[in-house]
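Text of final35.pdb, listed as PDB, C-alpha atoms:
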```
ATOM      1  CA  MET C  97       5.901 -85.371 130.027
ATOM      2  CA  GLU C  98       8.310 -84.387 127.302
ATOM      3  CA  ILE C  99       8.433 -86.228 123.990
ATOM      4  CA  ILE C 100      11.622 -85.880 121.959
ATOM      5  CA  LYS C 101      12.218 -87.403 118.526
ATOM      6  CA  GLU C 102      14.977 -87.033 115.988
ATOM      7  CA  PHE C 103      15.370 -88.231 112.394
ATOM      8  CA  LYS C 104      18.135 -88.038 109.803
ATOM      9  CA  ILE C 105      17.701 -86.261 106.475
ATOM     10  CA  GLN C 106      19.701 -87.403 103.464
ATOM     11  CA  ALA C 107      20.695 -85.072 100.623
ATOM     12  CA  LYS C 108      18.875 -85.693  97.309
ATOM     13  CA  ASP C 109      17.113 -88.796  98.688
ATOM     14  CA  PHE C 110      13.639 -88.205  97.257
ATOM     15  CA  ILE C 111      12.566 -91.763  98.071
ATOM     16  CA  HIS C 112      12.781 -91.373 101.850
ATOM     17  CA  ALA C 113      12.216 -87.613 101.800
ATOM     18  CA  GLY C 114       9.460 -86.534 104.143
ATOM     19  CA  GLU C 115       9.572 -89.635 106.330
ATOM     20  CA  GLY C 116      10.830 -87.713 109.352
ATOM     21  CA  SER C 117       7.960 -85.243 109.006
ATOM     22  CA  MET C 118       5.430 -88.036 108.685
ATOM     23  CA  GLU C 119       6.822 -89.689 111.836
ATOM     24  CA  ILE C 120       6.510 -86.374 113.653
ATOM     25  CA  ARG C 121       2.924 -86.103 112.394
ATOM     26  CA  ASN C 122       2.141 -89.584 113.731
ATOM     27  CA  THR C 123       3.712 -88.715 117.083
ATOM     28  CA  LEU C 124       1.608 -85.537 117.354
ATOM     29  CA  LYS C 125      -1.523 -87.515 116.466
ATOM     30  CA  SER C 126      -0.749 -90.099 119.157
ATOM     31  CA  ALA C 127      -0.197 -87.274 121.647
ATOM     32  CA  GLY C 128      -3.775 -86.165 120.938
ATOM     33  CA  LEU C 129      -3.045 -82.596 119.831
ATOM     34  CA  GLU C 130      -5.749 -80.691 117.985
ATOM     35  CA  ALA C 131      -6.045 -81.319 114.228
ATOM     36  CA  ASP C 132      -5.242 -77.756 113.138
ATOM     37  CA  LEU C 133      -2.007 -77.695 115.145
ATOM     38  CA  ILE C 134      -0.965 -81.112 113.819
ATOM     39  CA  GLN C 135      -1.538 -79.932 110.255
ATOM     40  CA  ARG C 136       0.346 -76.659 110.686
ATOM     41  CA  ALA C 137       3.288 -78.315 112.430
ATOM     42  CA  SER C 138       3.447 -81.151 109.878
ATOM     43  CA  ILE C 139       3.441 -78.703 106.966
ATOM     44  CA  CYS C 140       6.325 -76.753 108.541
ATOM     45  CA  ALA C 141       8.264 -79.949 109.237
ATOM     46  CA  TYR C 142       7.715 -81.205 105.691
ATOM     47  CA  GLU C 143       8.688 -77.950 103.963
ATOM     48  CA  ALA C 144      11.825 -77.639 106.099
ATOM     49  CA  GLU C 145      12.781 -81.277 105.542
ATOM     50  CA  MET C 146      12.280 -81.011 101.780
ATOM     51  CA  ASN C 147      14.458 -77.889 101.654
ATOM     52  CA  VAL C 148      17.342 -79.913 103.068
ATOM     53  CA  VAL C 149      16.775 -82.774 100.614
ATOM     54  CA  MET C 150      16.466 -80.576  97.524
ATOM     55  CA  HIS C 151      19.339 -78.201  98.296
ATOM     56  CA  GLY C 152      21.692 -81.087  98.837
ATOM     57  CA  GLY C 153      22.541 -81.066 102.507
ATOM     58  CA  ASN C 154      22.508 -83.810 105.094
ATOM     59  CA  GLY C 155      20.780 -82.925 108.287
ATOM     60  CA  ILE C 156      18.471 -83.785 111.135
ATOM     61  CA  ILE C 157      14.890 -82.945 111.956
ATOM     62  CA  SER C 158      13.830 -83.022 115.575
ATOM     63  CA  MET C 159      10.766 -82.320 117.655
ATOM     64  CA  SER C 160      10.257 -81.687 121.313
ATOM     65  CA  LEU C 161       6.815 -81.505 122.852
ATOM     66  CA  ASP C 162       5.790 -80.653 126.377
ATOM     67  CA  GLU C 163       2.916 -78.814 128.105
ATOM     68  CA  THR C 164       4.308 -75.420 127.155
ATOM     69  CA  GLY C 165       4.537 -76.024 123.425
ATOM     70  CA  LEU C 166       6.010 -77.797 120.457
ATOM     71  CA  VAL C 167       9.389 -77.031 118.900
ATOM     72  CA  ILE C 168      10.515 -78.456 115.565
ATOM     73  CA  GLU C 169      14.104 -77.876 114.490
ATOM     74  CA  VAL C 170      15.875 -78.670 111.244
ATOM     75  CA  MET C 171      19.638 -78.390 110.907
ATOM     76  CA  ASP C 172      21.723 -79.166 107.852
ATOM     77  CA  ASP C 173      25.227 -78.886 106.439
ATOM     78  CA  GLY C 174      24.024 -77.795 102.986
ATOM     79  CA  PRO C 175      25.026 -74.725 100.967
ATOM     80  CA  GLY C 176      23.396 -72.262 103.354
ATOM     81  CA  ILE C 177      21.349 -69.201 102.461
ATOM     82  CA  ASP C 178      23.024 -66.157 100.972
ATOM     83  CA  ASP C 179      20.206 -63.647 101.509
ATOM     84  CA  ILE C 180      17.584 -64.734 104.045
ATOM     85  CA  ASN C 181      15.124 -61.932 103.249
ATOM     86  CA  LEU C 182      15.202 -62.873  99.579
ATOM     87  CA  ALA C 183      14.730 -66.548 100.468
ATOM     88  CA  LEU C 184      11.614 -65.616 102.454
ATOM     89  CA  THR C 185      10.102 -63.888  99.414
ATOM     90  CA  GLU C 186       7.307 -65.882  97.824
ATOM     91  CA  GLY C 187       8.360 -67.203  94.425
ATOM     92  CA  TYR C 188      12.105 -66.809  94.944
ATOM     93  CA  THR C 189      14.075 -70.036  94.605
ATOM     94  CA  THR C 190      17.576 -71.297  93.936
ATOM     95  CA  ALA C 191      16.410 -74.865  93.326
ATOM     96  CA  GLY C 192      17.749 -76.674  90.265
ATOM     97  CA  VAL C 193      15.691 -77.566  87.189
ATOM     98  CA  GLU C 194      15.569 -81.268  88.058
ATOM     99  CA  VAL C 195      14.032 -80.563  91.453
ATOM    100  CA  GLN C 196      11.590 -78.068  89.950
ATOM    101  CA  GLN C 197      10.393 -80.655  87.454
ATOM    102  CA  MET C 198       9.318 -82.747  90.433
ATOM    103  CA  GLY C 199       7.212 -79.840  91.626
ATOM    104  CA  PHE C 200       9.570 -78.739  94.379
ATOM    105  CA  GLY C 201      11.413 -75.424  94.534
ATOM    106  CA  ALA C 202       8.451 -73.180  93.798
ATOM    107  CA  GLY C 203       9.781 -70.584  96.204
ATOM    108  CA  MET C 204       6.913 -71.208  98.593
ATOM    109  CA  GLY C 205       8.491 -73.453 101.215
ATOM    110  CA  LEU C 206       9.729 -70.797 103.631
ATOM    111  CA  PRO C 207       6.606 -68.613 103.140
ATOM    112  CA  ASN C 208       4.500 -71.694 103.998
ATOM    113  CA  ILE C 209       6.547 -72.124 107.186
ATOM    114  CA  VAL C 210       6.062 -68.442 108.122
ATOM    115  CA  ARG C 211       2.321 -68.816 107.543
ATOM    116  CA  ASN C 212       1.909 -71.992 109.578
ATOM    117  CA  SER C 213       4.234 -71.544 112.573
ATOM    118  CA  ASP C 214       3.669 -69.338 115.629
ATOM    119  CA  ILE C 215       7.314 -68.309 115.975
ATOM    120  CA  PHE C 216       9.899 -68.959 113.276
ATOM    121  CA  ASN C 217      13.639 -68.353 113.499
ATOM    122  CA  ILE C 218      16.124 -69.040 110.753
ATOM    123  CA  TYR C 219      19.881 -68.909 111.074
ATOM    124  CA  SER C 220      22.125 -69.423 108.075
ATOM    125  CA  GLN C 221      25.272 -68.294 106.352
ATOM    126  CA  LYS C 222      26.445 -69.119 102.864
ATOM    127  CA  GLY C 223      28.551 -72.273 102.976
ATOM    128  CA  LYS C 224      27.629 -73.027 106.572
ATOM    129  CA  GLY C 225      24.282 -74.789 106.371
ATOM    130  CA  ALA C 226      21.022 -73.676 107.889
ATOM    131  CA  HIS C 227      19.183 -73.990 111.182
ATOM    132  CA  LEU C 228      15.418 -73.535 111.296
ATOM    133  CA  LYS C 229      13.514 -73.355 114.561
ATOM    134  CA  MET C 230       9.709 -73.449 114.463
ATOM    135  CA  ARG C 231       7.607 -73.042 117.576
ATOM    136  CA  PHE C 232       3.935 -73.744 118.169
ATOM    137  CA  ARG C 233       1.771 -72.736 121.108
ATOM    138  CA  ILE C 234      -0.496 -75.327 122.619
ATOM    139  CA  LYS C 235      -3.908 -74.095 123.651
ATOM    140  CA  LYS C 236      -4.859 -75.090 127.137
TER     141      LYS C 236
ATOM    142  CA  MET L 247     -20.166 -86.813  96.298
ATOM    143  CA  LYS L 248     -17.832 -89.637  97.298
ATOM    144  CA  VAL L 249     -14.515 -90.537  95.676
ATOM    145  CA  ARG L 250     -16.148 -93.817  94.625
ATOM    146  CA  ASP L 251     -18.893 -91.938  92.717
ATOM    147  CA  ILE L 252     -16.357 -89.785  90.898
ATOM    148  CA  GLN L 253     -14.272 -92.827  90.004
ATOM    149  CA  SER L 254     -17.186 -94.631  88.363
ATOM    150  CA  GLU L 255     -18.864 -91.551  86.860
ATOM    151  CA  PHE L 256     -15.706 -90.399  85.073
ATOM    152  CA  ASN L 257     -14.279 -93.826  84.403
ATOM    153  CA  LEU L 258     -11.060 -93.326  86.360
ATOM    154  CA  GLU L 259      -8.693 -96.226  86.942
ATOM    155  CA  LEU L 260      -7.954 -96.941  90.598
ATOM    156  CA  ALA L 261      -4.210 -97.487  91.088
ATOM    157  CA  ALA L 262      -4.180 -97.725  94.897
ATOM    158  CA  GLY L 263      -5.774 -96.565  98.119
ATOM    159  CA  SER L 264      -9.194 -98.241  97.862
ATOM    160  CA  ARG L 265      -9.613 -97.815 101.639
ATOM    161  CA  GLY L 266     -10.407 -94.127 101.056
ATOM    162  CA  LEU L 267     -13.051 -94.560  98.344
ATOM    163  CA  ASP L 268     -15.943 -93.689 100.658
ATOM    164  CA  ARG L 269     -14.472 -90.327 101.571
ATOM    165  CA  ASP L 270     -16.599 -87.291 100.685
ATOM    166  CA  VAL L 271     -15.123 -84.876  98.154
ATOM    167  CA  SER L 272     -15.888 -81.295  99.136
ATOM    168  CA  ASP L 273     -13.476 -79.324  96.986
ATOM    169  CA  GLY L 274     -10.925 -79.626  94.209
ATOM    170  CA  TYR L 275      -7.503 -78.344  93.254
ATOM    171  CA  CYS L 276      -5.282 -78.459  90.182
ATOM    172  CA  GLY L 277      -1.546 -78.007  90.642
ATOM    173  CA  ASP L 278       1.872 -79.456  89.945
ATOM    174  CA  LEU L 279       3.898 -77.340  92.367
ATOM    175  CA  LEU L 280       3.804 -79.170  95.687
ATOM    176  CA  SER L 281       4.202 -76.131  97.926
ATOM    177  CA  ASP L 282       1.413 -74.364  96.059
ATOM    178  CA  VAL L 283      -0.871 -77.326  96.754
ATOM    179  CA  ILE L 284       0.221 -77.267 100.407
ATOM    180  CA  ALA L 285      -0.590 -73.561 100.584
ATOM    181  CA  ASN L 286      -3.876 -73.537  98.702
ATOM    182  CA  ALA L 287      -5.671 -76.894  98.486
ATOM    183  CA  GLY L 288      -8.610 -77.278 100.829
ATOM    184  CA  SER L 289      -9.244 -80.193 103.136
ATOM    185  CA  GLY L 290     -11.332 -82.883 101.426
ATOM    186  CA  ALA L 291     -10.235 -81.777  97.957
ATOM    187  CA  ILE L 292      -9.664 -84.029  94.977
ATOM    188  CA  TRP L 293      -6.237 -83.068  93.585
ATOM    189  CA  LEU L 294      -5.455 -83.181  89.856
ATOM    190  CA  THR L 295      -1.756 -83.271  88.981
ATOM    191  CA  ILE L 296       0.841 -84.567  86.540
ATOM    192  CA  GLN L 297       3.339 -85.327  89.333
ATOM    193  CA  SER L 298       3.517 -89.077  89.849
ATOM    194  CA  HIS L 299       6.401 -89.582  92.322
ATOM    195  CA  GLN L 300       5.725 -90.745  95.854
ATOM    196  CA  ASN L 301       6.115 -87.349  97.515
ATOM    197  CA  ILE L 302       2.609 -86.442  96.290
ATOM    198  CA  VAL L 303       1.120 -88.871  98.814
ATOM    199  CA  ALA L 304       2.797 -87.028 101.706
ATOM    200  CA  VAL L 305       1.356 -83.749 100.406
ATOM    201  CA  ALA L 306      -2.134 -85.270 100.149
ATOM    202  CA  ALA L 307      -1.820 -86.701 103.680
ATOM    203  CA  LEU L 308      -0.573 -83.390 105.108
ATOM    204  CA  LYS L 309      -3.505 -81.503 103.626
ATOM    205  CA  ASP L 310      -6.082 -84.191 104.368
ATOM    206  CA  LEU L 311      -7.025 -84.426 100.673
ATOM    207  CA  ALA L 312      -9.735 -86.859  99.595
ATOM    208  CA  ALA L 313      -7.982 -88.276  96.525
ATOM    209  CA  ILE L 314      -5.242 -87.734  93.944
ATOM    210  CA  VAL L 315      -5.845 -87.972  90.201
ATOM    211  CA  LEU L 316      -2.867 -88.340  87.867
ATOM    212  CA  VAL L 317      -3.957 -86.695  84.641
ATOM    213  CA  ASN L 318      -2.717 -86.795  81.028
ATOM    214  CA  GLY L 319      -2.073 -90.537  81.245
ATOM    215  CA  HIS L 320       0.693 -90.270  83.856
ATOM    216  CA  ARG L 321       1.322 -93.528  85.703
ATOM    217  CA  PRO L 322       2.476 -93.847  89.312
ATOM    218  CA  ASP L 323       5.654 -95.733  90.163
ATOM    219  CA  ASP L 324       5.549 -98.643  92.624
ATOM    220  CA  GLY L 325       6.639 -96.424  95.508
ATOM    221  CA  THR L 326       3.751 -94.026  94.915
ATOM    222  CA  ARG L 327       1.236 -96.892  94.806
ATOM    223  CA  ALA L 328       2.646 -98.371  98.013
ATOM    224  CA  LYS L 329       2.478 -95.042  99.876
ATOM    225  CA  ALA L 330      -1.079 -94.341  98.700
ATOM    226  CA  GLU L 331      -2.115 -97.809  99.838
ATOM    227  CA  GLU L 332      -0.427 -97.274 103.197
ATOM    228  CA  GLU L 333      -2.122 -93.901 103.768
ATOM    229  CA  GLY L 334      -5.477 -95.056 102.355
ATOM    230  CA  ILE L 335      -5.591 -92.182  99.872
ATOM    231  CA  PRO L 336      -7.225 -93.148  96.551
ATOM    232  CA  LEU L 337      -4.844 -92.728  93.622
ATOM    233  CA  LEU L 338      -6.866 -92.395  90.416
ATOM    234  CA  LEU L 339      -5.684 -92.240  86.808
ATOM    235  CA  SER L 340      -7.110 -90.266  83.903
ATOM    236  CA  SER L 341      -6.049 -89.907  80.280
ATOM    237  CA  GLU L 342      -7.581 -86.432  80.167
ATOM    238  CA  SER L 343      -5.906 -83.112  80.930
ATOM    239  CA  SER L 344      -6.404 -81.244  84.216
ATOM    240  CA  TYR L 345      -8.446 -78.672  82.341
ATOM    241  CA  ARG L 346     -10.884 -81.149  80.850
ATOM    242  CA  LEU L 347     -11.321 -83.302  83.933
ATOM    243  CA  ALA L 348     -11.651 -80.300  86.251
ATOM    244  CA  GLY L 349     -14.295 -78.870  83.935
ATOM    245  CA  LYS L 350     -16.305 -82.078  84.148
ATOM    246  CA  LEU L 351     -15.931 -82.288  87.931
ATOM    247  CA  PHE L 352     -17.006 -78.677  88.272
ATOM    248  CA  CYS L 353     -20.095 -79.319  86.179
ATOM    249  CA  ALA L 354     -20.837 -82.343  88.351
ATOM    250  CA  GLY L 355     -21.120 -80.000  91.299
ATOM    251  CA  ILE L 356     -17.655 -79.977  92.833
ATOM    252  CA  ASP L 357     -16.557 -76.396  93.196
ATOM    253  CA  LEU L 358     -12.905 -76.504  92.228
ATOM    254  CA  THR L 359     -12.282 -72.932  93.222
ATOM    255  CA  ALA L 360     -13.848 -72.975  96.687
ATOM    256  CA  VAL L 361     -11.473 -72.761  99.616
TER     257      VAL L 361
END
```
Is it possible to give me this structure as structure tokens?
Amino acid sequence: MEIIKEFKIQAKDFIHAGEGSMEIRNTLKSAGLEADLIQRASICAYEAEMNVVMHGGNGIISMSLDETGLVIEVMDDGPGIDDINLALTEGYTTAGVEVQQMGFGAGMGLPNIVRNSDIFNIYSQKGKGAHLKMRFRIKK
Amino acid sequence: MKVRDIQSEFNLELAAGSRGLDRDVSDGYCGDLLSDVIANAGSGAIWLTIQSHQNIVAVAALKDLAAIVLVNGHRPDDGTRAKAEEEGIPLLLSSESSYRLAGKLFCAGIDLTAV
């Protein structure tokens, strides 16, 4: 059976930030997936969701789960990424001072996603938002 | 050592999340950059930080941390208390710095560097 969920992400809304990821985490727990997979997927969802919030885009976070695997996607209409390779470099960030004072924007979000996902694709152009697709294998 | 033992031993104020007080603490981490904590804190760790906004509770939940301690006299806002209560993650308060409190915890037998 396939489970599909989708949540909105609001730019600069640090009060509700992360709620979509936490809902996805709850859904994965209810589906009875193994703890390590739930943690890795939730971390990826959270980092991707927070990127949208802190860089000032509106977007959606979605998950789809079936027997073959789990896919989490995050799409936004934010400023987009100028240089994707640079953005994937640990420690590199374009986050503003205000966001950094909250402990976000350490330049570790995308590296954390690379580390915790099985397959990670990122599509973005400056001024055209970003689309992140994170896939996870499910052990039989 | 349980969160409850640490709370009483080091005189920490409990702001929320009493449901998690019987959790065992197996590790520790100090950090104010959320993604660094996500990358490096171990499961069951007690986390010392100056960040007091509600997003810290999501980080603690994601990493299955045992407790959060706000150091240097930082106070949580109502949203942070509510989230910690909801997740059952003890939110403790200390007037000491991360350095001093971590030193005491380390001496008490909690290896703050172990992963």
Q: Using all atoms listed in the file, find all polymer residues with an atom at most 8 Å away from the point (-22.3, -88.0, 97.8); report them as an NGL selection string.
A: :L and (247-248 or 251 or 270-271)
Q) Skipping near chain neighbours, those fewer than 2 positions away, what residues fall within 8 Å of segment 307-315 of chain L using all atoms listed in the file, listed as an MDAnalysis selection string? A) (chainID C and resid 135 138:139) or (chainID L and resid 249 266 269:271 284 287:295 303:305 317 333 335:340)
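Evaluating the PyMOL selection byres ((chain C) within 7 of (chain L)) against the shown model yields Gln135, Ser138, Ile139, Met198, Gly199, Phe200, Ala202, Met204, Gly205 and Asn208 of chain C.
Between atom CA of Gly355 of chain L and atom CA of Ile252 of chain L the separation is 10.9 Å.
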Q) atom CA of Arg321 of chain L to atom CA of Ser341 of chain L: how many Å, to one decimal? A) 9.8 Å
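In this structure, atom CA of Val167 of chain C sits 5.7 Å away from atom CA of Met230 of chain C.
Distances to Ala144 of chain C were evaluated for C:Leu124, C:Val170, C:Ala107, C:Val195 using all atoms listed in the file, and the minimum falls at C:Val170.
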(Q) Which residues are near Ile218 of chain C? Cut-off 7 Å, all atoms listed in the file, ignore same chain within fewer than 2 positions. Put them as a ChimeraX atom specification. (A) /C:216,220,227-229
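Distances from L:Asp268, L:Ser254, L:Ala261, L:Gly274 to Phe352 of chain L were compared using all atoms listed in the file, and the smallest one belongs to L:Gly274.
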What lies within 8 Å of segment 110-118 of chain C using only C-alpha atoms, ignoring chain neighbours under 4 positions off, as a JSON list (two decimals) with C-alpha atoms, in the frame of the given file?
```
[["chain", "number", "residue", "atom", "x", "y", "z"],
["C", 102, "GLU", "CA", 14.98, -87.03, 115.99],
["C", 103, "PHE", "CA", 15.37, -88.23, 112.39],
["C", 104, "LYS", "CA", 18.14, -88.04, 109.80],
["C", 105, "ILE", "CA", 17.70, -86.26, 106.48],
["C", 106, "GLN", "CA", 19.70, -87.40, 103.46],
["C", 122, "ASN", "CA", 2.14, -89.58, 113.73],
["C", 138, "SER", "CA", 3.45, -81.15, 109.88],
["C", 141, "ALA", "CA", 8.26, -79.95, 109.24],
["C", 142, "TYR", "CA", 7.72, -81.20, 105.69],
["C", 145, "GLU", "CA", 12.78, -81.28, 105.54],
["C", 146, "MET", "CA", 12.28, -81.01, 101.78],
["C", 149, "VAL", "CA", 16.77, -82.77, 100.61],
["C", 157, "ILE", "CA", 14.89, -82.94, 111.96],
["L", 300, "GLN", "CA", 5.72, -90.74, 95.85],
["L", 301, "ASN", "CA", 6.12, -87.35, 97.52],
["L", 304, "ALA", "CA", 2.80, -87.03, 101.71],
["L", 325, "GLY", "CA", 6.64, -96.42, 95.51]]
```
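Comparing C:Thr123, C:Asn181, C:Gln221, C:Gln196 by their smallest distance to Leu166 of chain C, the closest is C:Thr123 (using only C-alpha atoms).
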**Q.** Picked residues, the PyMOL selection byres ((chain C and resi 225) around 9), as an NGL selection string
**A.** :C and (153 or 171-177 or 219-224 or 226-227)
Q: Can you turn the PyMOL selection byres ((chain C and resi 184) around 10) into a concrete residue list for this file, as a count of residues only?
A: 18
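Closest approach to Cys276 of chain L from the set L:Ala354, L:Ala262, L:Ala348, L:Ala306 is made by L:Ala348, with distances taken over all atoms listed in the file.
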